[in-house]
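*Asks:* my_file29.csv is the file, holding CSV, C-alpha atoms and all ligand atoms:
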```csv
chain,number,residue,atom,x,y,z
A,288,MET,CA,0.0,0.0,0.0
A,289,ASN,CA,1.3,3.5,-0.9
A,290,SER,CA,-0.4,5.5,1.8
A,291,ARG,CA,-3.0,4.8,4.4
A,292,ARG,CA,-6.3,6.6,3.5
A,293,THR,CA,-9.3,7.4,5.7
A,294,ILE,CA,-12.3,6.1,3.8
A,295,GLY,CA,-15.9,6.8,4.6
A,296,PHE,CA,-18.0,3.8,3.4
A,297,ILE,CA,-21.7,4.2,3.2
A,298,GLY,CA,-23.9,1.2,2.3
A,299,LEU,CA,-22.5,-2.0,3.9
A,300,GLY,CA,-24.9,-4.5,2.2
A,301,HIS,CA,-24.2,-7.6,0.1
A,302,MET,CA,-21.6,-5.7,-2.0
A,303,GLY,CA,-20.5,-2.9,0.3
A,304,GLY,CA,-19.8,-5.1,3.3
A,305,PRO,CA,-17.1,-7.3,1.7
A,306,MET,CA,-15.7,-4.3,-0.3
A,307,ALA,CA,-15.2,-2.4,2.9
A,308,ALA,CA,-13.6,-5.4,4.6
A,309,ASN,CA,-11.1,-5.7,1.8
A,310,LEU,CA,-10.1,-2.1,2.2
A,311,VAL,CA,-9.5,-2.7,6.0
A,312,ARG,CA,-7.5,-5.9,5.2
A,313,ALA,CA,-5.3,-3.8,2.9
A,314,GLY,CA,-4.5,-1.5,5.8
A,315,HIS,CA,-6.8,1.5,5.2
A,316,ARG,CA,-8.9,3.2,7.9
A,317,VAL,CA,-12.5,2.6,7.0
A,318,ILE,CA,-15.4,4.5,8.8
A,319,GLY,CA,-18.6,2.8,7.8
A,320,HIS,CA,-22.3,3.6,8.0
A,321,ASP,CA,-25.5,1.6,7.1
A,322,LEU,CA,-29.1,2.1,8.1
A,323,MET,CA,-29.2,-1.5,9.3
A,324,PRO,CA,-27.5,-2.0,12.6
A,325,GLU,CA,-26.8,-5.7,12.1
A,326,LEU,CA,-24.8,-4.9,8.9
A,327,LEU,CA,-22.9,-2.3,10.7
A,328,GLY,CA,-22.2,-4.9,13.4
A,329,THR,CA,-20.8,-7.3,10.8
A,330,ALA,CA,-18.6,-4.6,9.3
A,331,VAL,CA,-17.2,-3.7,12.8
A,332,ALA,CA,-16.3,-7.4,13.2
A,333,ASN,CA,-14.3,-7.0,10.0
A,334,GLY,CA,-12.4,-4.0,11.3
A,335,VAL,CA,-14.6,-1.1,10.1
A,336,GLU,CA,-15.1,1.8,12.6
A,337,PRO,CA,-18.8,2.5,13.0
A,338,ALA,CA,-20.4,5.9,12.2
A,339,GLY,CA,-23.9,6.7,13.5
A,340,SER,CA,-24.8,8.8,10.4
A,341,SER,CA,-23.5,9.3,6.9
A,342,ALA,CA,-22.3,12.8,7.9
A,343,GLU,CA,-20.2,11.2,10.6
A,344,ALA,CA,-18.8,8.8,8.1
A,345,THR,CA,-17.7,11.5,5.7
A,346,ALA,CA,-16.4,14.1,8.2
A,347,ALA,CA,-13.0,12.6,8.8
A,348,ALA,CA,-12.6,11.0,5.4
A,349,ASP,CA,-10.4,11.9,2.5
A,350,VAL,CA,-12.3,9.5,0.2
A,351,VAL,CA,-16.0,8.5,0.5
A,352,ILE,CA,-17.4,5.4,-1.2
A,353,THR,CA,-21.1,4.8,-1.5
A,354,MET,CA,-22.7,1.4,-2.4
A,355,LEU,CA,-26.4,2.0,-2.2
A,356,PRO,CA,-29.5,0.5,-3.9
A,357,ALA,CA,-30.5,3.2,-6.3
A,358,GLY,CA,-30.1,6.8,-7.5
A,359,ARG,CA,-32.6,8.3,-5.1
A,360,HIS,CA,-30.5,6.9,-2.2
A,361,VAL,CA,-27.3,8.5,-3.5
A,362,LEU,CA,-28.9,11.9,-4.3
A,363,GLY,CA,-30.7,11.8,-0.9
A,364,LEU,CA,-27.4,11.2,0.9
A,365,TYR,CA,-25.7,14.0,-1.0
A,366,ARG,CA,-28.5,16.5,-0.8
A,367,GLU,CA,-30.5,15.8,2.4
A,368,GLU,CA,-28.4,13.8,4.8
A,369,GLY,CA,-25.5,16.3,5.0
A,370,ALA,CA,-22.9,13.8,3.7
A,371,LEU,CA,-21.4,16.5,1.4
A,372,ALA,CA,-21.9,19.3,4.0
A,373,ALA,CA,-19.9,17.4,6.6
A,374,ALA,CA,-17.0,16.5,4.4
A,375,ARG,CA,-13.7,18.4,4.0
A,376,PRO,CA,-13.5,20.4,0.8
A,377,GLY,CA,-11.9,18.4,-2.0
A,378,THR,CA,-12.9,15.0,-0.6
A,379,LEU,CA,-13.3,12.4,-3.4
A,380,PHE,CA,-16.7,10.9,-3.5
A,381,ILE,CA,-16.8,7.5,-5.4
A,382,ASP,CA,-20.3,6.1,-6.1
A,383,CYS,CA,-20.1,2.4,-6.8
A,384,SER,CA,-23.9,1.9,-6.8
A,385,THR,CA,-25.6,1.1,-10.1
A,386,ILE,CA,-27.8,4.1,-10.8
A,387,ASP,CA,-29.4,6.0,-13.7
A,388,VAL,CA,-26.9,7.8,-15.9
A,389,ALA,CA,-28.9,11.1,-15.4
A,390,ASP,CA,-28.8,10.6,-11.6
A,391,ALA,CA,-25.1,9.9,-11.7
A,392,ARG,CA,-24.5,13.2,-13.6
A,393,SER,CA,-26.7,15.0,-11.2
A,394,ALA,CA,-24.9,13.5,-8.2
A,395,HIS,CA,-21.6,14.5,-9.8
A,396,GLY,CA,-22.8,18.1,-10.3
A,397,THR,CA,-24.1,18.3,-6.7
A,398,ALA,CA,-20.8,17.0,-5.3
A,399,VAL,CA,-18.7,19.4,-7.4
A,400,ALA,CA,-21.0,22.4,-6.5
A,401,ALA,CA,-20.4,21.5,-2.8
A,402,GLY,CA,-16.6,21.8,-3.3
A,403,MET,CA,-16.0,18.0,-3.6
A,404,ARG,CA,-14.6,15.8,-6.4
A,405,ALA,CA,-16.6,12.9,-7.8
A,406,LEU,CA,-16.4,9.7,-9.7
A,407,ASP,CA,-19.1,7.1,-10.7
A,408,ALA,CA,-17.6,3.6,-10.5
A,409,PRO,CA,-20.2,0.9,-10.7
A,410,VAL,CA,-19.1,-2.7,-10.6
A,411,SER,CA,-19.6,-6.0,-12.3
A,412,GLY,CA,-18.7,-9.3,-10.6
A,413,GLY,CA,-21.4,-9.8,-8.0
A,414,VAL,CA,-21.0,-10.8,-4.3
A,415,VAL,CA,-18.4,-13.4,-5.2
A,416,GLY,CA,-16.3,-10.7,-6.8
A,417,ALA,CA,-16.8,-8.3,-3.9
A,418,GLU,CA,-15.7,-10.9,-1.4
A,419,ALA,CA,-12.7,-12.1,-3.5
A,420,GLY,CA,-11.6,-8.5,-4.5
A,421,THR,CA,-12.0,-9.4,-8.2
A,422,LEU,CA,-14.7,-6.9,-9.3
A,423,THR,CA,-14.5,-4.9,-12.5
A,424,PHE,CA,-15.0,-1.2,-12.1
A,425,MET,CA,-16.4,1.1,-14.9
A,426,ALA,CA,-15.5,4.7,-14.0
A,427,GLY,CA,-16.8,8.0,-15.1
A,428,GLY,CA,-15.2,11.4,-14.2
A,429,GLY,CA,-12.0,13.2,-14.5
A,430,GLU,CA,-8.5,11.7,-15.1
A,431,ALA,CA,-7.2,13.0,-11.8
A,432,GLU,CA,-10.1,11.6,-9.9
A,433,PHE,CA,-9.7,8.2,-11.6
A,434,ALA,CA,-6.0,8.2,-10.9
A,435,GLU,CA,-6.6,8.9,-7.2
A,436,ALA,CA,-9.3,6.2,-6.9
A,437,ASP,CA,-7.4,3.6,-8.9
A,438,PRO,CA,-5.2,2.2,-6.0
A,439,LEU,CA,-8.4,1.7,-3.9
A,440,LEU,CA,-10.3,0.1,-6.8
A,441,ALA,CA,-7.3,-2.2,-7.3
A,442,ILE,CA,-7.8,-3.5,-3.8
A,443,MET,CA,-11.6,-4.2,-4.4
A,444,GLY,CA,-11.3,-5.4,-8.0
A,445,LYS,CA,-9.0,-6.9,-10.6
A,446,ARG,CA,-9.7,-4.3,-13.3
A,447,ALA,CA,-10.8,-0.7,-13.5
A,448,VAL,CA,-11.7,0.9,-16.9
A,449,HIS,CA,-11.9,4.7,-17.2
A,450,CYS,CA,-14.9,5.0,-19.5
A,451,GLY,CA,-15.1,8.8,-19.9
A,452,GLY,CA,-16.6,11.8,-18.1
A,453,PRO,CA,-19.3,11.9,-15.4
A,454,GLY,CA,-21.9,9.1,-15.9
A,455,ALA,CA,-19.8,7.2,-18.4
A,456,GLY,CA,-19.2,4.4,-15.9
A,457,GLN,CA,-23.0,4.0,-15.4
A,458,ALA,CA,-23.5,4.1,-19.1
A,459,ALA,CA,-21.0,1.2,-19.6
A,460,LYS,CA,-22.6,-0.8,-16.8
A,461,ILE,CA,-26.2,-0.7,-18.2
A,462,CYS,CA,-25.0,-1.4,-21.7
A,463,ASN,CA,-23.0,-4.5,-20.4
A,464,ASN,CA,-26.0,-5.7,-18.3
A,465,MET,CA,-28.3,-5.3,-21.3
A,466,ILE,CA,-26.1,-7.8,-23.1
A,467,LEU,CA,-26.1,-10.0,-20.1
A,468,GLY,CA,-29.9,-10.0,-19.6
A,469,ILE,CA,-30.6,-10.7,-23.3
A,470,SER,CA,-27.9,-13.4,-23.4
A,471,MET,CA,-29.2,-15.2,-20.3
A,472,ILE,CA,-32.7,-15.4,-21.8
A,473,ALA,CA,-31.2,-16.6,-25.1
A,474,VAL,CA,-29.1,-19.3,-23.3
A,475,SER,CA,-32.2,-20.4,-21.3
A,476,GLU,CA,-34.5,-20.6,-24.3
A,477,ALA,CA,-31.8,-22.7,-26.0
A,478,PHE,CA,-31.6,-25.2,-23.1
A,479,VAL,CA,-35.4,-25.5,-23.1
A,480,LEU,CA,-35.5,-26.0,-26.8
A,481,GLY,CA,-32.7,-28.6,-26.5
A,482,GLU,CA,-34.8,-30.4,-23.8
A,483,SER,CA,-37.7,-30.6,-26.2
A,484,LEU,CA,-35.5,-32.0,-28.9
A,485,GLY,CA,-34.1,-34.6,-26.6
A,486,LEU,CA,-30.6,-33.0,-26.2
A,487,SER,CA,-28.9,-33.4,-22.8
A,488,HIS,CA,-27.8,-30.3,-21.0
A,489,GLN,CA,-24.2,-31.5,-21.0
A,490,ALA,CA,-24.2,-32.1,-24.8
A,491,LEU,CA,-25.5,-28.6,-25.5
A,492,PHE,CA,-23.1,-27.1,-23.1
A,493,ASP,CA,-20.1,-28.9,-24.5
A,494,VAL,CA,-21.0,-27.7,-28.0
A,495,ALA,CA,-22.1,-24.1,-27.3
A,496,SER,CA,-19.4,-23.4,-24.8
A,497,THR,CA,-16.7,-24.0,-27.4
A,498,ALA,CA,-18.7,-22.7,-30.4
A,499,SER,CA,-20.3,-19.4,-31.4
A,500,GLY,CA,-22.9,-19.6,-28.7
A,501,GLN,CA,-20.2,-19.1,-26.1
A,502,CYS,CA,-21.0,-16.3,-23.5
A,503,TRP,CA,-20.7,-15.6,-19.7
A,504,ALA,CA,-24.4,-16.6,-19.2
A,505,LEU,CA,-23.5,-20.0,-20.4
A,506,THR,CA,-20.0,-20.7,-19.3
A,507,VAL,CA,-20.0,-19.1,-15.8
A,508,ASN,CA,-23.6,-18.7,-14.8
A,509,CYS,CA,-25.1,-21.7,-16.6
A,510,PRO,CA,-28.8,-21.7,-16.0
A,511,VAL,CA,-29.2,-25.5,-15.7
A,512,PRO,CA,-27.6,-27.6,-13.0
A,513,GLY,CA,-24.6,-29.8,-13.9
A,514,PRO,CA,-22.3,-28.4,-16.6
A,515,VAL,CA,-20.9,-25.6,-14.4
A,516,PRO,CA,-20.8,-26.9,-10.8
A,517,ASP,CA,-20.5,-23.4,-9.2
A,518,SER,CA,-23.4,-21.8,-11.0
A,519,PRO,CA,-26.5,-20.8,-9.0
A,520,ALA,CA,-28.6,-23.5,-10.8
A,521,ASN,CA,-26.8,-26.0,-8.6
A,522,ARG,CA,-27.9,-24.4,-5.4
A,523,ALA,CA,-31.7,-23.9,-6.1
A,524,TYR,CA,-30.9,-20.5,-7.8
A,525,ARG,CA,-29.7,-18.8,-4.6
A,526,PRO,CA,-28.1,-15.6,-5.9
A,527,GLY,CA,-25.5,-14.9,-7.4
A,528,PHE,CA,-27.0,-11.9,-9.1
A,529,ALA,CA,-30.5,-11.4,-7.9
A,530,ALA,CA,-33.3,-11.3,-10.5
A,531,GLU,CA,-34.5,-8.0,-8.9
A,532,LEU,CA,-31.1,-6.4,-9.6
A,533,MET,CA,-31.2,-7.6,-13.2
A,534,ALA,CA,-34.7,-6.2,-13.6
A,535,LYS,CA,-33.5,-2.9,-12.2
A,536,ASP,CA,-30.5,-2.7,-14.5
A,537,LEU,CA,-32.5,-3.6,-17.6
A,538,GLY,CA,-35.1,-1.0,-16.6
A,539,LEU,CA,-32.3,1.6,-16.5
A,540,ALA,CA,-31.1,0.5,-19.9
A,541,ALA,CA,-34.6,0.5,-21.4
A,542,ASP,CA,-35.3,4.0,-20.0
A,543,ALA,CA,-32.0,5.2,-21.4
A,544,ALA,CA,-32.7,3.6,-24.8
A,545,ARG,CA,-36.2,5.2,-24.9
A,546,ALA,CA,-34.8,8.6,-23.9
A,547,GLY,CA,-32.1,8.4,-26.6
A,548,GLY,CA,-34.4,7.1,-29.3
A,549,VAL,CA,-32.4,3.9,-29.6
A,550,HIS,CA,-34.3,1.0,-31.2
A,551,ALA,CA,-33.3,-1.6,-28.6
A,552,GLU,CA,-36.0,-4.2,-29.2
A,553,LEU,CA,-34.5,-7.1,-27.3
A,554,GLY,CA,-33.3,-4.9,-24.5
A,555,ALA,CA,-36.9,-3.5,-24.0
A,556,ARG,CA,-38.3,-7.1,-24.1
A,557,ALA,CA,-35.7,-8.4,-21.7
A,558,ALA,CA,-36.6,-5.6,-19.3
A,559,GLU,CA,-40.3,-6.7,-19.4
A,560,VAL,CA,-39.4,-10.4,-19.0
A,561,TYR,CA,-37.2,-9.7,-16.0
A,562,ALA,CA,-39.6,-7.2,-14.4
A,563,ALA,CA,-42.3,-9.9,-14.4
A,564,TYR,CA,-39.9,-12.6,-13.2
A,565,ALA,CA,-38.5,-10.5,-10.4
A,566,GLU,CA,-42.0,-9.7,-9.1
A,567,GLY,CA,-43.1,-13.3,-9.4
A,568,ALA,CA,-41.3,-16.7,-9.3
A,569,GLY,CA,-37.9,-15.0,-9.3
A,570,THR,CA,-38.2,-13.1,-6.0
A,571,GLY,CA,-35.0,-13.8,-4.1
A,572,ARG,CA,-33.6,-16.0,-6.8
A,573,ASP,CA,-30.7,-15.7,-9.2
A,574,PHE,CA,-31.5,-14.2,-12.6
A,575,SER,CA,-30.6,-17.5,-14.3
A,576,GLY,CA,-33.7,-19.0,-12.7
A,577,ILE,CA,-35.6,-17.5,-15.7
A,578,VAL,CA,-35.0,-20.8,-17.4
A,579,GLY,CA,-37.7,-22.3,-15.1
A,580,THR,CA,-40.3,-19.8,-16.2
A,581,ILE,CA,-39.4,-20.4,-19.9
A,582,ARG,CA,-39.8,-24.1,-19.3
A,583,GLU,CA,-43.0,-23.7,-17.5
A,584,LYS,CA,-44.5,-21.5,-20.2
A,585,SER,CA,-43.3,-23.9,-22.9
A,586,ALA,CA,-44.8,-27.2,-21.5
A,587,PRO,CA,-46.0,-27.4,-17.9
A,588,HIS,CA,-45.7,-31.2,-17.8
A,589,THR,CA,-41.9,-31.0,-18.4
A,590,VAL,CA,-41.3,-28.9,-15.3
A,591,ARG,CA,-38.9,-30.6,-12.9
A,592,GLU,CA,-38.5,-29.8,-9.3
A,593,GLY,CA,-35.3,-27.9,-8.5
A,594,ASP,CA,-34.9,-26.7,-12.1
A,595,GLY,CA,-36.0,-23.2,-11.4
A,596,ALA,CA,-39.4,-21.5,-11.9
A,601,LIG,P1,-27.9,-4.1,-0.6
A,601,LIG,O1,-29.4,-3.8,-0.5
A,601,LIG,O2,-27.5,-5.4,0.0
A,601,LIG,O3,-27.0,-3.0,0.1
A,601,LIG,C1,-27.4,-1.6,0.1
A,601,LIG,C2,-27.2,-1.1,1.5
A,601,LIG,O4,-27.4,0.3,1.5
A,601,LIG,C3,-28.3,-1.7,2.5
A,601,LIG,O5,-27.6,-2.4,3.5
A,601,LIG,C4,-29.0,-0.4,3.0
A,601,LIG,O6,-29.4,-0.5,4.4
A,601,LIG,C5,-28.0,0.6,2.8
A,601,LIG,N1,-28.5,2.0,2.7
A,601,LIG,C6,-29.5,2.5,1.9
A,601,LIG,N2,-29.7,3.8,2.1
A,601,LIG,C7,-28.8,4.2,3.0
A,601,LIG,C8,-28.4,5.4,3.6
A,601,LIG,N3,-29.1,6.5,3.3
A,601,LIG,N4,-27.4,5.4,4.5
A,601,LIG,C9,-26.7,4.3,4.8
A,601,LIG,N5,-27.0,3.1,4.3
A,601,LIG,C10,-28.0,3.0,3.4
A,601,LIG,O7,-27.5,-4.0,-2.1
A,601,LIG,P2,-26.2,-4.6,-2.8
A,601,LIG,O8,-26.5,-5.9,-3.4
A,601,LIG,O9,-25.0,-4.5,-1.9
A,601,LIG,O10,-26.1,-3.6,-4.1
A,601,LIG,C11,-25.6,-2.3,-3.9
A,601,LIG,C12,-25.5,-1.7,-5.3
A,601,LIG,O11,-24.6,-2.4,-6.1
A,601,LIG,C13,-26.8,-1.6,-6.1
A,601,LIG,O12,-26.9,-0.4,-6.8
A,601,LIG,C14,-26.7,-2.8,-7.0
A,601,LIG,O13,-27.5,-2.6,-8.2
A,601,LIG,C15,-25.2,-2.8,-7.3
A,601,LIG,N6,-24.7,-4.2,-7.7
A,601,LIG,C16,-25.1,-5.3,-7.0
A,601,LIG,C17,-24.6,-6.5,-7.4
A,601,LIG,C18,-24.9,-7.8,-6.6
A,601,LIG,O14,-24.6,-8.9,-7.1
A,601,LIG,N7,-25.5,-7.7,-5.4
A,601,LIG,C19,-23.7,-6.6,-8.5
A,601,LIG,C20,-23.3,-5.4,-9.2
A,601,LIG,C21,-23.8,-4.2,-8.7
```
For the file at hand, write its structure as structure tokens.
*Replies:*
Amino acid sequence: MNSRRTIGFIGLGHMGGPMAANLVRAGHRVIGHDLMPELLGTAVANGVEPAGSSAEATAAADVVITMLPAGRHVLGLYREEGALAAARPGTLFIDCSTIDVADARSAHGTAVAAGMRALDAPVSGGVVGAEAGTLTFMAGGGEAEFAEADPLLAIMGKRAVHCGGPGAGQAAKICNNMILGISMIAVSEAFVLGESLGLSHQALFDVASTASGQCWALTVNCPVPGPVPDSPANRAYRPGFAAELMAKDLGLAADAARAGGVHAELGARAAEVYAAYAEGAGTGRDFSGIVGTIREKSAPHTVREGDGA
């Protein structure tokens, strides 16, 4: 480590908790805050100093990292909770949450108007990546801000890409996840089609994983149990990457496509498919469980227990 930083970390949930713990392990001082006392307790057990409010977490910090559910939480924190007002001028605010591009630009503008510096740096890699310190960061903001954040991002992740100015990280994130959502539906439809044609899951996997159907949804997060032993399909679709989060990201992508007049037909349809799944059978499940819904809608008599729904 080059120098010990004091980091305010707000949002210690599935992602933020292990990210903060990795920063502590690397020798940094981390002052954490979360609305849920039990999460703060877990963070404290991992060496995080507790703060009773977001303002308390930012007051002594030279870098503040937020990992919150949505744009309204980030903007609320910046504008209403006094997180910016309490911070020292010039503090670098890094928002790692996945939020709307317009909200990210708004948050950036609010931080800069308050005399702070800002970077959006959403992540890919899920809870497993957060725990292992192997996330990919997609950053938006100035060169100097990215350069300052980079050593910290390198602790929490294996790769950080500077995508452009404010909001560019969020833009890259929703474009990537639009690919992922569409490809998971495609892979799932192919497995169900294969089943109806008498093809084993392993045979289809062995062909597609080394042919032109190869993609992350197939080779890492395979939606049927068996071919990829670590995929959520082998543990009753426990996330992983929750269907609710995929629905959220696809909604952000579809909104952005509509706003920009982009004809993203499959992106829009994938957003509808995942919105319905997340509110129904997919509640609390990994997004790959969509295969069960496709199977169920295709031929109810072929539904097998444990194969998702
Ligand atoms: P989470 O719900 O587990 O954690 C968010 C935490 O923020 C919660 O613990 C909540 O109590 C806290 N919080 C909300 N408002 C707060 C406030 N004002 N002050 C303090 N704490 C507050 O969510 P998560 O799974 O950790 O995801 C966080 C972000 O990362 C989301 O934007 C999500 O889309 C994104 N993301 C998640 C994953 C994943 O696999 N979980 C992967 C990539 C990106």
*Asks:* Residues of chain A that have any atom at most 7 Å from an atom of ligand LIG 601 (chain A): could you tabulate them with the shortest-distance atom pair and the distance in Å to one decimal, using only C-alpha atoms and all ligand atoms, ordered by chain and increasing number, as CSV?
*Replies:*
```
residue,atom,partner,partner_atom,distance
A:Ile297,CA,A:LIG601,C9,5.3
A:Gly298,CA,A:LIG601,O4,3.7
A:Leu299,CA,A:LIG601,O5,5.1
A:Gly300,CA,A:LIG601,O3,3.3
A:His301,CA,A:LIG601,O9,3.8
A:Met302,CA,A:LIG601,O9,3.6
A:Gly303,CA,A:LIG601,O9,5.3
A:His320,CA,A:LIG601,C9,5.5
A:Asp321,CA,A:LIG601,N5,3.5
A:Leu322,CA,A:LIG601,N5,4.5
A:Met323,CA,A:LIG601,O6,5.0
A:Leu326,CA,A:LIG601,O5,6.6
A:Ser341,CA,A:LIG601,N4,6.0
A:Met354,CA,A:LIG601,C11,4.9
A:Leu355,CA,A:LIG601,O4,4.2
A:Pro356,CA,A:LIG601,O12,4.0
A:Ala357,CA,A:LIG601,O12,5.1
A:His360,CA,A:LIG601,N2,5.4
A:Gly363,CA,A:LIG601,N3,6.9
A:Leu364,CA,A:LIG601,N3,5.5
A:Cys383,CA,A:LIG601,O11,6.6
A:Ser384,CA,A:LIG601,O12,3.8
A:Thr385,CA,A:LIG601,O12,3.9
A:Ile386,CA,A:LIG601,O12,6.1
A:Pro409,CA,A:LIG601,C21,6.6
A:Val410,CA,A:LIG601,C20,5.2
A:Ser411,CA,A:LIG601,C20,4.9
A:Gly412,CA,A:LIG601,C19,6.1
A:Gly413,CA,A:LIG601,O14,3.4
A:Val414,CA,A:LIG601,O14,4.9
A:Gly527,CA,A:LIG601,O14,6.1
A:Phe528,CA,A:LIG601,O14,4.3
A:Ala529,CA,A:LIG601,O14,6.5
A:Leu532,CA,A:LIG601,O13,5.4
A:Asp536,CA,A:LIG601,O13,7.0
```
*Asks:* Using all atoms listed in the file for the distances, tell me which of A:Asn464, A:Asn521, A:Ser475, A:Ser496 is nearest to Gly579 of chain A.
*Replies:* A:Ser475
*Asks:* So how far away is atom CA of Asp517 of chain A from atom CA of Ser585 of chain A, in Å?
*Replies:*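 One can read the atom CA of Ser585 of chain A to atom CA of Asp517 of chain A distance as 26.6 Å.
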*Asks:* Counting only C-alpha atoms, what is within 12 Å of Arg522 of chain A, bar same-chain residues fewer than 3 positions away, as a ChimeraX atom specification?
*Replies:* /A:508-513,515-519,525-527,572-573,575-576,593-595
*Asks:* Between A:Leu310, A:Ala441, A:Met425, A:Val507, which is the closest to Ala455 of chain A once you count all atoms listed in the file?
*Replies:* A:Met425
*Asks:* Using all atoms listed in the file, I'd like a table of the residues in segment 441-528 of chain A that come within 12 Å of segment 432-436 of chain A; for each, show the closest atom pair and its distance in Å rounded to one decimal, ordered by chain and ascending number, as JSON lines.
*Replies:*
```
{"residue": "A:Ala441", "atom": "CA", "partner": "A:Ala436", "partner_atom": "CA", "distance": 8.6}
{"residue": "A:Ile442", "atom": "CA", "partner": "A:Ala436", "partner_atom": "CA", "distance": 10.3}
{"residue": "A:Met443", "atom": "CA", "partner": "A:Ala436", "partner_atom": "CA", "distance": 10.9}
{"residue": "A:Gly444", "atom": "CA", "partner": "A:Ala436", "partner_atom": "CA", "distance": 11.8}
{"residue": "A:Ala447", "atom": "CA", "partner": "A:Phe433", "partner_atom": "CA", "distance": 9.2}
{"residue": "A:Val448", "atom": "CA", "partner": "A:Phe433", "partner_atom": "CA", "distance": 9.2}
{"residue": "A:His449", "atom": "CA", "partner": "A:Phe433", "partner_atom": "CA", "distance": 7.0}
{"residue": "A:Cys450", "atom": "CA", "partner": "A:Phe433", "partner_atom": "CA", "distance": 10.0}
{"residue": "A:Gly451", "atom": "CA", "partner": "A:Phe433", "partner_atom": "CA", "distance": 9.9}
{"residue": "A:Gly452", "atom": "CA", "partner": "A:Phe433", "partner_atom": "CA", "distance": 10.1}
{"residue": "A:Pro453", "atom": "CA", "partner": "A:Glu432", "partner_atom": "CA", "distance": 10.7}
{"residue": "A:Gly456", "atom": "CA", "partner": "A:Phe433", "partner_atom": "CA", "distance": 11.1}
```
*Asks:* Output C-alpha atoms of each residue in that selection to a file, as an mmCIF file, in the coordinates of the input.
*Replies:*
```
data_model
loop_
_atom_site.group_PDB
_atom_site.id
_atom_site.type_symbol
_atom_site.label_atom_id
_atom_site.label_comp_id
_atom_site.auth_asym_id
_atom_site.auth_seq_id
_atom_site.Cartn_x
_atom_site.Cartn_y
_atom_site.Cartn_z
ATOM 1 C CA ALA A 441 -7.300 -2.200 -7.300
ATOM 2 C CA ILE A 442 -7.800 -3.500 -3.800
ATOM 3 C CA MET A 443 -11.600 -4.200 -4.400
ATOM 4 C CA GLY A 444 -11.300 -5.400 -8.000
ATOM 5 C CA ALA A 447 -10.800 -0.700 -13.500
ATOM 6 C CA VAL A 448 -11.700 0.900 -16.900
ATOM 7 C CA HIS A 449 -11.900 4.700 -17.200
ATOM 8 C CA CYS A 450 -14.900 5.000 -19.500
ATOM 9 C CA GLY A 451 -15.100 8.800 -19.900
ATOM 10 C CA GLY A 452 -16.600 11.800 -18.100
ATOM 11 C CA PRO A 453 -19.300 11.900 -15.400
ATOM 12 C CA GLY A 456 -19.200 4.400 -15.900
#
```
*Asks:* Skip segment 477-490 of chain A itself and residues of its chain fewer than 3 positions away, then list as JSON, numbers by chain all residues within 8 Å of it, counting only C-alpha atoms.
*Replies:* {"A": [473, 474, 493, 494, 511, 513, 514, 578, 581, 582]}
*Asks:* Could you work out how far atom CA of Phe296 of chain A lies from atom CA of Gly328 of chain A, giving the answer in Å with one decimal?
*Replies:*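 Spanning atom CA of Gly328 of chain A to atom CA of Phe296 of chain A is a straight-line distance of 13.9 Å.
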